[in-house]
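Peer 1: CSV, N, CA and C atoms, saved as structure24.csv, coming up:
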chain,number,residue,atom,x,y,z
Z,1,MET,N,197.0,143.9,-104.5
Z,1,MET,CA,197.7,142.7,-104.6
Z,1,MET,C,197.7,141.9,-103.3
Z,2,PHE,N,198.0,142.6,-102.2
Z,2,PHE,CA,198.0,142.0,-100.9
Z,2,PHE,C,196.6,141.4,-100.6
Z,3,ILE,N,195.5,142.1,-101.0
Z,3,ILE,CA,194.2,141.6,-100.7
Z,3,ILE,C,193.9,140.3,-101.5
Z,4,LEU,N,194.3,140.2,-102.7
Z,4,LEU,CA,194.1,139.0,-103.5
Z,4,LEU,C,194.9,137.8,-102.9
Z,5,LEU,N,196.1,138.1,-102.4
Z,5,LEU,CA,197.0,137.1,-101.8
Z,5,LEU,C,196.3,136.6,-100.5
Z,6,ALA,N,195.8,137.5,-99.7
Z,6,ALA,CA,195.2,137.1,-98.4
Z,6,ALA,C,193.9,136.3,-98.7
Z,7,ALA,N,193.1,136.7,-99.7
Z,7,ALA,CA,191.9,136.0,-100.0
Z,7,ALA,C,192.2,134.6,-100.5
Z,8,GLY,N,193.3,134.5,-101.3
Z,8,GLY,CA,193.7,133.1,-101.8
Z,8,GLY,C,194.1,132.2,-100.7
Z,9,ILE,N,194.9,132.8,-99.7
Z,9,ILE,CA,195.3,132.0,-98.6
Z,9,ILE,C,194.1,131.5,-97.7
Z,10,LEU,N,193.1,132.5,-97.5
Z,10,LEU,CA,191.9,132.2,-96.7
Z,10,LEU,C,191.1,131.1,-97.4
Z,11,LEU,N,190.9,131.2,-98.7
Z,11,LEU,CA,190.1,130.2,-99.4
Z,11,LEU,C,190.8,128.8,-99.4
Z,12,THR,N,192.1,128.8,-99.5
Z,12,THR,CA,192.8,127.5,-99.4
Z,12,THR,C,192.7,126.9,-98.0
Z,13,ALA,N,192.8,127.7,-97.0
Z,13,ALA,CA,192.7,127.2,-95.6
Z,13,ALA,C,191.3,126.7,-95.3
Z,14,CYS,N,190.3,127.4,-95.8
Z,14,CYS,CA,188.9,127.0,-95.6
Z,14,CYS,C,188.6,125.7,-96.4
Z,15,SER,N,189.1,125.4,-97.5
Z,15,SER,CA,188.9,124.2,-98.3
Z,15,SER,C,189.5,123.0,-97.6
Z,16,ARG,N,190.4,123.2,-96.7
Z,16,ARG,CA,191.1,122.1,-96.1
Z,16,ARG,C,190.6,121.8,-94.6
Z,17,SER,N,189.5,122.5,-94.2
Z,17,SER,CA,189.0,122.4,-92.9
Z,17,SER,C,188.4,121.0,-92.8
Z,18,PRO,N,188.4,120.4,-91.5
Z,18,PRO,CA,187.8,119.1,-91.4
Z,18,PRO,C,186.3,119.0,-91.7
Z,19,GLN,N,185.8,117.9,-92.0
Z,19,GLN,CA,184.4,117.7,-92.3
Z,19,GLN,C,183.6,117.8,-91.0
Z,20,ASN,N,182.4,118.3,-91.2
Z,20,ASN,CA,181.5,118.3,-90.0
Z,20,ASN,C,180.9,116.9,-89.8
Z,21,LEU,N,181.2,116.3,-88.7
Z,21,LEU,CA,180.8,115.0,-88.4
Z,21,LEU,C,179.4,114.9,-87.8
Z,22,SER,N,178.7,113.8,-88.1
Z,22,SER,CA,177.3,113.7,-87.5
Z,22,SER,C,177.4,113.5,-86.0
Z,23,GLY,N,176.3,113.6,-85.3
Z,23,GLY,CA,176.3,113.3,-83.9
Z,23,GLY,C,176.8,112.0,-83.5
Z,24,ASP,N,176.5,110.9,-84.3
Z,24,ASP,CA,177.0,109.6,-84.0
Z,24,ASP,C,178.5,109.5,-84.2
Z,25,ALA,N,179.0,110.1,-85.2
Z,25,ALA,CA,180.4,110.0,-85.5
Z,25,ALA,C,181.2,110.8,-84.5
Z,26,LYS,N,180.7,111.9,-84.0
Z,26,LYS,CA,181.3,112.7,-82.9
Z,26,LYS,C,181.3,111.8,-81.6
Z,27,LEU,N,180.2,111.2,-81.3
Z,27,LEU,CA,180.1,110.4,-80.1
Z,27,LEU,C,181.1,109.2,-80.2
Z,28,GLN,N,181.2,108.6,-81.4
Z,28,GLN,CA,182.1,107.5,-81.5
Z,28,GLN,C,183.5,107.9,-81.3
Z,29,GLN,N,183.9,109.1,-81.8
Z,29,GLN,CA,185.3,109.6,-81.6
Z,29,GLN,C,185.5,109.8,-80.1
Z,30,ARG,N,184.6,110.3,-79.4
Z,30,ARG,CA,184.8,110.6,-78.0
Z,30,ARG,C,184.9,109.3,-77.1
Z,31,ILE,N,184.3,108.2,-77.6
Z,31,ILE,CA,184.3,107.0,-76.8
Z,31,ILE,C,185.6,106.2,-77.0
Z,32,VAL,N,186.2,106.4,-78.2
Z,32,VAL,CA,187.4,105.6,-78.4
Z,32,VAL,C,188.4,105.8,-77.3
Z,33,GLY,N,189.0,104.7,-76.8
Z,33,GLY,CA,190.0,104.7,-75.8
Z,33,GLY,C,189.8,103.6,-74.7
Z,34,THR,N,190.5,103.7,-73.6
Z,34,THR,CA,190.4,102.7,-72.6
Z,34,THR,C,189.7,103.3,-71.4
Z,35,TRP,N,188.7,102.5,-70.9
Z,35,TRP,CA,187.8,102.9,-69.8
Z,35,TRP,C,188.0,101.8,-68.7
Z,36,HIS,N,187.9,102.3,-67.5
Z,36,HIS,CA,188.0,101.4,-66.3
Z,36,HIS,C,186.7,101.4,-65.5
Z,37,SER,N,186.2,100.2,-65.1
Z,37,SER,CA,184.9,100.2,-64.4
Z,37,SER,C,185.1,100.7,-63.0
Z,38,ASN,N,183.9,101.2,-62.5
Z,38,ASN,CA,183.9,101.8,-61.2
Z,38,ASN,C,182.9,101.1,-60.2
Z,39,GLY,N,182.5,99.9,-60.5
Z,39,GLY,CA,181.5,99.3,-59.7
Z,39,GLY,C,182.0,98.1,-58.9
Z,40,ASP,N,181.1,97.1,-58.8
Z,40,ASP,CA,181.4,95.9,-58.0
Z,40,ASP,C,182.4,95.0,-58.8
Z,41,PHE,N,182.5,95.2,-60.1
Z,41,PHE,CA,183.4,94.4,-60.9
Z,41,PHE,C,184.6,95.2,-61.4
Z,42,ASN,N,185.8,94.7,-61.2
Z,42,ASN,CA,187.0,95.4,-61.7
Z,42,ASN,C,187.1,95.0,-63.2
Z,43,GLY,N,187.3,96.0,-64.0
Z,43,GLY,CA,187.4,95.7,-65.4
Z,43,GLY,C,187.9,96.8,-66.3
Z,44,VAL,N,188.2,96.5,-67.5
Z,44,VAL,CA,188.7,97.4,-68.5
Z,44,VAL,C,187.9,97.2,-69.8
Z,45,LEU,N,187.5,98.3,-70.4
Z,45,LEU,CA,186.9,98.3,-71.7
Z,45,LEU,C,187.8,99.1,-72.7
Z,46,VAL,N,188.1,98.5,-73.8
Z,46,VAL,CA,188.9,99.2,-74.8
Z,46,VAL,C,188.1,99.3,-76.1
Z,47,TYR,N,187.8,100.6,-76.5
Z,47,TYR,CA,187.1,100.8,-77.8
Z,47,TYR,C,188.1,101.4,-78.7
Z,48,ASP,N,188.4,100.6,-79.8
Z,48,ASP,CA,189.4,101.0,-80.8
Z,48,ASP,C,188.7,101.8,-81.9
Z,49,ALA,N,189.4,102.7,-82.5
Z,49,ALA,CA,188.8,103.5,-83.6
Z,49,ALA,C,188.4,102.7,-84.8
Z,50,ASP,N,189.0,101.5,-85.0
Z,50,ASP,CA,188.7,100.7,-86.2
Z,50,ASP,C,187.4,99.8,-86.0
Z,51,GLY,N,186.7,100.0,-84.9
Z,51,GLY,CA,185.5,99.3,-84.6
Z,51,GLY,C,185.6,98.0,-83.8
Z,52,HIS,N,186.8,97.7,-83.3
Z,52,HIS,CA,187.0,96.6,-82.5
Z,52,HIS,C,186.9,97.0,-81.0
Z,53,PHE,N,186.5,96.0,-80.2
Z,53,PHE,CA,186.3,96.3,-78.8
Z,53,PHE,C,186.8,95.1,-78.0
Z,54,SER,N,187.4,95.3,-76.8
Z,54,SER,CA,187.8,94.2,-76.0
Z,54,SER,C,187.5,94.6,-74.5
Z,55,SER,N,187.2,93.6,-73.7
Z,55,SER,CA,187.0,93.9,-72.3
Z,55,SER,C,187.3,92.7,-71.4
Z,56,HIS,N,187.6,93.0,-70.2
Z,56,HIS,CA,187.7,91.9,-69.2
Z,56,HIS,C,187.2,92.4,-67.9
Z,57,PHE,N,186.5,91.5,-67.1
Z,57,PHE,CA,186.0,91.9,-65.8
Z,57,PHE,C,186.1,90.8,-64.9
Z,58,THR,N,186.2,91.1,-63.6
Z,58,THR,CA,186.2,90.1,-62.5
Z,58,THR,C,185.5,90.7,-61.3
Z,59,ASN,N,184.9,89.8,-60.5
Z,59,ASN,CA,184.4,90.2,-59.2
Z,59,ASN,C,185.2,89.5,-58.1
Z,60,GLY,N,186.4,89.0,-58.5
Z,60,GLY,CA,187.3,88.3,-57.6
Z,60,GLY,C,187.1,86.8,-57.7
Z,61,ILE,N,185.9,86.3,-58.1
Z,61,ILE,CA,185.7,84.9,-58.3
Z,61,ILE,C,185.4,84.6,-59.8
Z,62,GLU,N,184.4,85.3,-60.3
Z,62,GLU,CA,184.0,85.1,-61.7
Z,62,GLU,C,184.8,86.0,-62.6
Z,63,LYS,N,185.0,85.5,-63.8
Z,63,LYS,CA,185.8,86.3,-64.8
Z,63,LYS,C,185.2,86.2,-66.1
Z,64,TRP,N,185.2,87.4,-66.9
Z,64,TRP,CA,184.7,87.4,-68.2
Z,64,TRP,C,185.7,88.2,-69.1
Z,65,ALA,N,185.8,87.8,-70.3
Z,65,ALA,CA,186.6,88.5,-71.3
Z,65,ALA,C,185.9,88.4,-72.6
Z,66,TYR,N,185.8,89.6,-73.3
Z,66,TYR,CA,185.1,89.6,-74.6
Z,66,TYR,C,185.9,90.3,-75.7
Z,67,GLN,N,185.7,89.9,-76.9
Z,67,GLN,CA,186.1,90.6,-78.1
Z,67,GLN,C,184.9,90.9,-78.8
Z,68,ALA,N,184.8,92.0,-79.5
Z,68,ALA,CA,183.5,92.4,-80.2
Z,68,ALA,C,183.8,93.4,-81.2
Z,69,THR,N,182.8,93.7,-82.0
Z,69,THR,CA,182.8,94.8,-82.9
Z,69,THR,C,181.9,95.9,-82.3
Z,70,TRP,N,182.1,97.1,-82.6
Z,70,TRP,CA,181.2,98.2,-82.0
Z,70,TRP,C,181.1,99.3,-83.0
Z,71,SER,N,180.0,100.1,-82.8
Z,71,SER,CA,179.8,101.3,-83.5
Z,71,SER,C,178.8,102.1,-82.7
Z,72,VAL,N,178.5,103.3,-83.1
Z,72,VAL,CA,177.5,104.1,-82.5
Z,72,VAL,C,176.4,104.3,-83.5
Z,73,GLN,N,175.2,104.0,-83.1
Z,73,GLN,CA,174.0,104.1,-83.9
Z,73,GLN,C,172.9,104.7,-83.1
Z,74,ASP,N,172.3,105.8,-83.6
Z,74,ASP,CA,171.2,106.6,-82.9
Z,74,ASP,C,171.6,106.9,-81.4
Z,75,SER,N,172.9,107.3,-81.2
Z,75,SER,CA,173.4,107.7,-79.9
Z,75,SER,C,173.5,106.5,-78.9
Z,76,ASN,N,173.5,105.3,-79.4
Z,76,ASN,CA,173.7,104.1,-78.6
Z,76,ASN,C,175.0,103.4,-79.1
Z,77,ILE,N,175.7,102.8,-78.2
Z,77,ILE,CA,176.9,101.9,-78.5
Z,77,ILE,C,176.3,100.5,-78.9
Z,78,VAL,N,176.5,100.1,-80.1
Z,78,VAL,CA,176.0,98.7,-80.5
Z,78,VAL,C,177.2,97.8,-80.6
Z,79,SER,N,177.2,96.7,-79.8
Z,79,SER,CA,178.3,95.8,-79.7
Z,79,SER,C,177.9,94.4,-80.0
Z,80,THR,N,178.7,93.7,-80.9
Z,80,THR,CA,178.4,92.3,-81.2
Z,80,THR,C,179.6,91.5,-80.9
Z,81,VAL,N,179.3,90.5,-80.0
Z,81,VAL,CA,180.4,89.6,-79.5
Z,81,VAL,C,181.0,88.7,-80.6
Z,82,THR,N,182.3,88.7,-80.7
Z,82,THR,CA,183.0,87.9,-81.7
Z,82,THR,C,183.9,86.8,-81.0
Z,83,GLN,N,184.2,87.0,-79.7
Z,83,GLN,CA,184.9,86.0,-78.9
Z,83,GLN,C,184.6,86.2,-77.4
Z,84,VAL,N,184.5,85.1,-76.7
Z,84,VAL,CA,184.2,85.2,-75.3
Z,84,VAL,C,184.9,84.1,-74.5
Z,85,SER,N,185.3,84.5,-73.3
Z,85,SER,CA,185.9,83.5,-72.4
Z,85,SER,C,185.4,83.8,-71.0
Z,86,PHE,N,185.2,82.8,-70.1
Z,86,PHE,CA,184.7,83.1,-68.8
Z,86,PHE,C,185.2,82.0,-67.9
Z,87,GLU,N,185.2,82.3,-66.6
Z,87,GLU,CA,185.6,81.3,-65.5
Z,87,GLU,C,184.6,81.4,-64.4
Z,88,ASN,N,184.2,80.3,-63.8
Z,88,ASN,CA,183.4,80.2,-62.6
Z,88,ASN,C,182.0,80.8,-62.7
Z,89,THR,N,181.5,80.9,-64.0
Z,89,THR,CA,180.2,81.4,-64.2
Z,89,THR,C,179.6,80.8,-65.5
Z,90,THR,N,178.3,80.7,-65.5
Z,90,THR,CA,177.6,80.4,-66.8
Z,90,THR,C,176.9,81.6,-67.3
Z,91,ASN,N,177.0,82.7,-66.6
Z,91,ASN,CA,176.3,83.9,-67.0
Z,91,ASN,C,177.2,84.8,-67.9
Z,92,HIS,N,177.0,84.7,-69.2
Z,92,HIS,CA,177.8,85.4,-70.1
Z,92,HIS,C,177.0,85.6,-71.5
Z,93,ASP,N,177.5,86.5,-72.3
Z,93,ASP,CA,176.9,86.7,-73.6
Z,93,ASP,C,177.5,85.7,-74.5
Z,94,THR,N,176.7,85.2,-75.5
Z,94,THR,CA,177.2,84.2,-76.5
Z,94,THR,C,177.8,84.9,-77.7
Z,95,LEU,N,178.5,84.1,-78.5
Z,95,LEU,CA,179.0,84.6,-79.8
Z,95,LEU,C,177.9,85.1,-80.6
Z,96,GLY,N,178.1,86.2,-81.3
Z,96,GLY,CA,177.1,86.8,-82.1
Z,96,GLY,C,176.0,87.7,-81.4
Z,97,HIS,N,176.0,87.6,-80.1
Z,97,HIS,CA,175.1,88.4,-79.3
Z,97,HIS,C,175.3,89.9,-79.5
Z,98,THR,N,174.3,90.7,-79.8
Z,98,THR,CA,174.4,92.1,-80.0
Z,98,THR,C,173.6,92.8,-78.8
Z,99,THR,N,174.3,93.8,-78.3
Z,99,THR,CA,173.7,94.6,-77.2
Z,99,THR,C,173.8,96.1,-77.6
Z,100,ARG,N,172.7,96.8,-77.2
Z,100,ARG,CA,172.7,98.2,-77.4
Z,100,ARG,C,172.9,98.9,-76.0
Z,101,TYR,N,173.9,99.7,-75.9
Z,101,TYR,CA,174.2,100.4,-74.7
Z,101,TYR,C,173.8,101.9,-74.8
Z,102,ARG,N,172.8,102.3,-74.1
Z,102,ARG,CA,172.4,103.7,-74.2
Z,102,ARG,C,173.4,104.6,-73.4
Z,103,VAL,N,173.9,105.6,-74.1
Z,103,VAL,CA,174.9,106.5,-73.5
Z,103,VAL,C,174.1,107.5,-72.7
Z,104,VAL,N,174.2,107.5,-71.4
Z,104,VAL,CA,173.5,108.4,-70.5
Z,104,VAL,C,174.2,109.7,-70.2
Z,105,TYR,N,175.6,109.5,-70.1
Z,105,TYR,CA,176.4,110.7,-69.8
Z,105,TYR,C,177.8,110.4,-70.3
Z,106,LEU,N,178.4,111.4,-70.9
Z,106,LEU,CA,179.8,111.3,-71.4
Z,106,LEU,C,180.5,112.6,-71.3
Z,107,ASP,N,181.7,112.6,-70.7
Z,107,ASP,CA,182.6,113.8,-70.7
Z,107,ASP,C,184.0,113.2,-71.0
Z,108,ASP,N,185.0,114.1,-70.9
Z,108,ASP,CA,186.4,113.6,-71.2
Z,108,ASP,C,186.9,112.5,-70.3
Z,109,HIS,N,186.3,112.3,-69.1
Z,109,HIS,CA,186.8,111.4,-68.2
Z,109,HIS,C,185.8,110.3,-67.7
Z,110,ASN,N,184.5,110.5,-68.0
Z,110,ASN,CA,183.5,109.6,-67.5
Z,110,ASN,C,182.5,109.2,-68.5
Z,111,LEU,N,182.0,108.0,-68.5
Z,111,LEU,CA,181.0,107.5,-69.3
Z,111,LEU,C,180.0,106.7,-68.5
Z,112,LEU,N,178.8,107.0,-68.6
Z,112,LEU,CA,177.7,106.3,-67.9
Z,112,LEU,C,176.8,105.7,-69.0
Z,113,TYR,N,176.7,104.4,-69.0
Z,113,TYR,CA,175.9,103.8,-70.0
Z,113,TYR,C,174.9,102.8,-69.4
Z,114,ALA,N,173.8,102.5,-70.1
Z,114,ALA,CA,172.7,101.7,-69.5
Z,114,ALA,C,172.4,100.6,-70.6
Z,115,PHE,N,172.0,99.4,-70.1
Z,115,PHE,CA,171.6,98.4,-71.0
Z,115,PHE,C,170.4,97.6,-70.4
Z,116,ASN,N,169.6,97.0,-71.2
Z,116,ASN,CA,168.4,96.4,-70.8
Z,116,ASN,C,168.6,94.9,-70.7
Z,117,VAL,N,168.4,94.3,-69.6
Z,117,VAL,CA,168.4,92.8,-69.4
Z,117,VAL,C,167.1,92.3,-68.9
Z,118,GLU,N,166.4,91.7,-69.8
Z,118,GLU,CA,165.1,91.1,-69.5
Z,118,GLU,C,164.1,92.1,-68.8
Z,119,GLY,N,164.1,93.3,-69.4
Z,119,GLY,CA,163.2,94.4,-68.9
Z,119,GLY,C,163.7,95.2,-67.8
Z,120,THR,N,164.9,95.0,-67.3
Z,120,THR,CA,165.5,95.8,-66.3
Z,120,THR,C,166.7,96.6,-66.8
Z,121,TRP,N,166.7,97.9,-66.6
Z,121,TRP,CA,167.8,98.7,-67.0
Z,121,TRP,C,169.0,98.7,-66.0
Z,122,ILE,N,170.2,98.4,-66.5
Z,122,ILE,CA,171.4,98.3,-65.6
Z,122,ILE,C,172.3,99.4,-66.1
Z,123,THR,N,172.8,100.2,-65.2
Z,123,THR,CA,173.8,101.2,-65.5
Z,123,THR,C,175.2,100.9,-65.0
Z,124,ASN,N,176.1,101.4,-65.7
Z,124,ASN,CA,177.5,101.2,-65.4
Z,124,ASN,C,178.3,102.5,-65.6
Z,125,TRP,N,179.1,102.9,-64.6
Z,125,TRP,CA,180.0,104.1,-64.8
Z,125,TRP,C,181.4,103.5,-65.1
Z,126,VAL,N,182.0,104.1,-66.1
Z,126,VAL,CA,183.4,103.8,-66.4
Z,126,VAL,C,184.2,105.1,-66.5
Z,127,SER,N,185.5,105.1,-66.3
Z,127,SER,CA,186.3,106.4,-66.4
Z,127,SER,C,187.6,106.1,-67.0
Z,128,ARG,N,188.2,107.1,-67.5
Z,128,ARG,CA,189.5,107.0,-68.2
Z,128,ARG,C,190.6,107.0,-67.1
Is it possible to give me this structure as structure tokens?
Peer 2:
Amino acid sequence: MFILLAAGILLTACSRSPQNLSGDAKLQQRIVGTWHSNGDFNGVLVYDADGHFSSHFTNGIEKWAYQATWSVQDSNIVSTVTQVSFENTTNHDTLGHTTRYRVVYLDDHNLLYAFNVEGTWITNWVSR
């Protein structure tokens, strides 16, 4: 009787285990959160679990702020701009612009991503 009861409990527990997520879904879960830039530009990136993204950056003179949608596809962060504001610069992404960010490195505290601008790869470190 005890063996049947134990087997029943084990089968119930196994049937409720979480689904095995794809590599992209796991990567997307790990990226969700707030990240701070570590370069020449002070900034914050916020990746929400619902697919919304916001960011703001400044180098002390120029300022940028973006709202976008985002997802992970083929181990890349794909972001499409839905709102943009900027000051003291004409260098910015336009509404509807989509960028693919290659995830180069990711751990619990650091994210290194790269993106291509006119044939040149640019990298950026951000941290939690």
Peer 1: List as a PyMOL selection string the protein and nucleic acid residues near Thr123 (chain Z), meaning an atom at most 7 Å away when only N, CA and C atoms are counted, but skip any in the same chain fewer than 6 places from it.
Peer 2: chain Z and resi 112-115
Peer 1: Take atom C of Gly43 (chain Z) and atom C of Ser79 (chain Z) and report the distance between them in Å, one decimal.
Peer 2: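 Calculated distance between atom C of Gly43 (chain Z) and atom C of Ser79 (chain Z) is 17.1 Å.
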Peer 1: What would the list of residues within 7 Å of (184.2, 98.8, -64.3) (file frame) look like as a ChimeraX atom specification, if only N, CA and C atoms are what count?
Peer 2: /Z:35-45,125-127
Peer 1: Which one of Z:Gly23, Z:Asn76, Z:Gly51, Z:Ile61 sits closest to Asn88 (chain Z) if you count all atoms listed in the file?
Peer 2: Z:Ile61
Peer 1: What parts of region 6-118 of chain Z does DSSP call strand (DSSP E)? I'd like the answer as a short mmCIF file (atom, residue, chain, number, x, y, z; two decimals) with N, CA and C atoms, in the frame of the given file.
Peer 2:
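Output contents, as saved in result24.cif:
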data_model
loop_
_atom_site.label_atom_id
_atom_site.label_comp_id
_atom_site.auth_asym_id
_atom_site.auth_seq_id
_atom_site.Cartn_x
_atom_site.Cartn_y
_atom_site.Cartn_z
N GLY Z 33 189.00 104.70 -76.80
CA GLY Z 33 190.00 104.70 -75.80
C GLY Z 33 189.80 103.60 -74.70
N THR Z 34 190.50 103.70 -73.60
CA THR Z 34 190.40 102.70 -72.60
C THR Z 34 189.70 103.30 -71.40
N TRP Z 35 188.70 102.50 -70.90
CA TRP Z 35 187.80 102.90 -69.80
C TRP Z 35 188.00 101.80 -68.70
N HIS Z 36 187.90 102.30 -67.50
CA HIS Z 36 188.00 101.40 -66.30
C HIS Z 36 186.70 101.40 -65.50
N SER Z 37 186.20 100.20 -65.10
CA SER Z 37 184.90 100.20 -64.40
C SER Z 37 185.10 100.70 -63.00
N ASN Z 42 185.80 94.70 -61.20
CA ASN Z 42 187.00 95.40 -61.70
C ASN Z 42 187.10 95.00 -63.20
N GLY Z 43 187.30 96.00 -64.00
CA GLY Z 43 187.40 95.70 -65.40
C GLY Z 43 187.90 96.80 -66.30
N VAL Z 44 188.20 96.50 -67.50
CA VAL Z 44 188.70 97.40 -68.50
C VAL Z 44 187.90 97.20 -69.80
N LEU Z 45 187.50 98.30 -70.40
CA LEU Z 45 186.90 98.30 -71.70
C LEU Z 45 187.80 99.10 -72.70
N VAL Z 46 188.10 98.50 -73.80
CA VAL Z 46 188.90 99.20 -74.80
C VAL Z 46 188.10 99.30 -76.10
N TYR Z 47 187.80 100.60 -76.50
CA TYR Z 47 187.10 100.80 -77.80
C TYR Z 47 188.10 101.40 -78.70
N HIS Z 52 186.80 97.70 -83.30
CA HIS Z 52 187.00 96.60 -82.50
C HIS Z 52 186.90 97.00 -81.00
N PHE Z 53 186.50 96.00 -80.20
CA PHE Z 53 186.30 96.30 -78.80
C PHE Z 53 186.80 95.10 -78.00
N SER Z 54 187.40 95.30 -76.80
CA SER Z 54 187.80 94.20 -76.00
C SER Z 54 187.50 94.60 -74.50
N SER Z 55 187.20 93.60 -73.70
CA SER Z 55 187.00 93.90 -72.30
C SER Z 55 187.30 92.70 -71.40
N HIS Z 56 187.60 93.00 -70.20
CA HIS Z 56 187.70 91.90 -69.20
C HIS Z 56 187.20 92.40 -67.90
N PHE Z 57 186.50 91.50 -67.10
CA PHE Z 57 186.00 91.90 -65.80
C PHE Z 57 186.10 90.80 -64.90
N THR Z 58 186.20 91.10 -63.60
CA THR Z 58 186.20 90.10 -62.50
C THR Z 58 185.50 90.70 -61.30
N LYS Z 63 185.00 85.50 -63.80
CA LYS Z 63 185.80 86.30 -64.80
C LYS Z 63 185.20 86.20 -66.10
N TRP Z 64 185.20 87.40 -66.90
CA TRP Z 64 184.70 87.40 -68.20
C TRP Z 64 185.70 88.20 -69.10
N ALA Z 65 185.80 87.80 -70.30
CA ALA Z 65 186.60 88.50 -71.30
C ALA Z 65 185.90 88.40 -72.60
N TYR Z 66 185.80 89.60 -73.30
CA TYR Z 66 185.10 89.60 -74.60
C TYR Z 66 185.90 90.30 -75.70
N GLN Z 67 185.70 89.90 -76.90
CA GLN Z 67 186.10 90.60 -78.10
C GLN Z 67 184.90 90.90 -78.80
N ALA Z 68 184.80 92.00 -79.50
CA ALA Z 68 183.50 92.40 -80.20
C ALA Z 68 183.80 93.40 -81.20
N THR Z 69 182.80 93.70 -82.00
CA THR Z 69 182.80 94.80 -82.90
C THR Z 69 181.90 95.90 -82.30
N TRP Z 70 182.10 97.10 -82.60
CA TRP Z 70 181.20 98.20 -82.00
C TRP Z 70 181.10 99.30 -83.00
N SER Z 71 180.00 100.10 -82.80
CA SER Z 71 179.80 101.30 -83.50
C SER Z 71 178.80 102.10 -82.70
N VAL Z 72 178.50 103.30 -83.10
CA VAL Z 72 177.50 104.10 -82.50
C VAL Z 72 176.40 104.30 -83.50
N GLN Z 73 175.20 104.00 -83.10
CA GLN Z 73 174.00 104.10 -83.90
C GLN Z 73 172.90 104.70 -83.10
N ASN Z 76 173.50 105.30 -79.40
CA ASN Z 76 173.70 104.10 -78.60
C ASN Z 76 175.00 103.40 -79.10
N ILE Z 77 175.70 102.80 -78.20
CA ILE Z 77 176.90 101.90 -78.50
C ILE Z 77 176.30 100.50 -78.90
N VAL Z 78 176.50 100.10 -80.10
CA VAL Z 78 176.00 98.70 -80.50
C VAL Z 78 177.20 97.80 -80.60
N SER Z 79 177.20 96.70 -79.80
CA SER Z 79 178.30 95.80 -79.70
C SER Z 79 177.90 94.40 -80.00
N THR Z 80 178.70 93.70 -80.90
CA THR Z 80 178.40 92.30 -81.20
C THR Z 80 179.60 91.50 -80.90
N VAL Z 81 179.30 90.50 -80.00
CA VAL Z 81 180.40 89.60 -79.50
C VAL Z 81 181.00 88.70 -80.60
N THR Z 82 182.30 88.70 -80.70
CA THR Z 82 183.00 87.90 -81.70
C THR Z 82 183.90 86.80 -81.00
N GLN Z 83 184.20 87.00 -79.70
CA GLN Z 83 184.90 86.00 -78.90
C GLN Z 83 184.60 86.20 -77.40
N VAL Z 84 184.50 85.10 -76.70
CA VAL Z 84 184.20 85.20 -75.30
C VAL Z 84 184.90 84.10 -74.50
N SER Z 85 185.30 84.50 -73.30
CA SER Z 85 185.90 83.50 -72.40
C SER Z 85 185.40 83.80 -71.00
N PHE Z 86 185.20 82.80 -70.10
CA PHE Z 86 184.70 83.10 -68.80
C PHE Z 86 185.20 82.00 -67.90
N GLU Z 87 185.20 82.30 -66.60
CA GLU Z 87 185.60 81.30 -65.50
C GLU Z 87 184.60 81.40 -64.40
N THR Z 98 174.30 90.70 -79.80
CA THR Z 98 174.40 92.10 -80.00
C THR Z 98 173.60 92.80 -78.80
N THR Z 99 174.30 93.80 -78.30
CA THR Z 99 173.70 94.60 -77.20
C THR Z 99 173.80 96.10 -77.60
N ARG Z 100 172.70 96.80 -77.20
CA ARG Z 100 172.70 98.20 -77.40
C ARG Z 100 172.90 98.90 -76.00
N TYR Z 101 173.90 99.70 -75.90
CA TYR Z 101 174.20 100.40 -74.70
C TYR Z 101 173.80 101.90 -74.80
N ARG Z 102 172.80 102.30 -74.10
CA ARG Z 102 172.40 103.70 -74.20
C ARG Z 102 173.40 104.60 -73.40
N VAL Z 103 173.90 105.60 -74.10
CA VAL Z 103 174.90 106.50 -73.50
C VAL Z 103 174.10 107.50 -72.70
N VAL Z 104 174.20 107.50 -71.40
CA VAL Z 104 173.50 108.40 -70.50
C VAL Z 104 174.20 109.70 -70.20
N TYR Z 105 175.60 109.50 -70.10
CA TYR Z 105 176.40 110.70 -69.80
C TYR Z 105 177.80 110.40 -70.30
N LEU Z 106 178.40 111.40 -70.90
CA LEU Z 106 179.80 111.30 -71.40
C LEU Z 106 180.50 112.60 -71.30
N ASN Z 110 184.50 110.50 -68.00
CA ASN Z 110 183.50 109.60 -67.50
C ASN Z 110 182.50 109.20 -68.50
N LEU Z 111 182.00 108.00 -68.50
CA LEU Z 111 181.00 107.50 -69.30
C LEU Z 111 180.00 106.70 -68.50
N LEU Z 112 178.80 107.00 -68.60
CA LEU Z 112 177.70 106.30 -67.90
C LEU Z 112 176.80 105.70 -69.00
N TYR Z 113 176.70 104.40 -69.00
CA TYR Z 113 175.90 103.80 -70.00
C TYR Z 113 174.90 102.80 -69.40
N ALA Z 114 173.80 102.50 -70.10
CA ALA Z 114 172.70 101.70 -69.50
C ALA Z 114 172.40 100.60 -70.60
N PHE Z 115 172.00 99.40 -70.10
CA PHE Z 115 171.60 98.40 -71.00
C PHE Z 115 170.40 97.60 -70.40
N ASN Z 116 169.60 97.00 -71.20
CA ASN Z 116 168.40 96.40 -70.80
C ASN Z 116 168.60 94.90 -70.70
N VAL Z 117 168.40 94.30 -69.60
CA VAL Z 117 168.40 92.80 -69.40
C VAL Z 117 167.10 92.30 -68.90
#
Peer 1: Write out as a list in words all residues of chain Z that backbone DSSP assigns to alpha helix (DSSP H).
Peer 2: Phe2, Ile3, Leu4, Leu5, Ala6, Ala7, Gly8, Ile9, Leu10, Leu11, Thr12, Ala13, Cys14, Ser15, Gly23, Asp24, Ala25, Lys26, Leu27, Gln28, Gln29, Arg30 and Ile31 of chain Z
Peer 1: Mind giving me the axis-aligned box for region 109-122 of chain Z with 5 Å on every side, centre plus edges in Å to one decimal, as AutoDock Vina command-line options?
Peer 2:
--center_x 175.0 --center_y 101.7 --center_z -68.4 --size_x 33.6 --size_y 31.2 --size_z 15.6
Peer 1: What gap, in Å, lies between CA of Tyr47 (chain Z) and atom C of Asp74 (chain Z)?
Peer 2: 17.0 Å
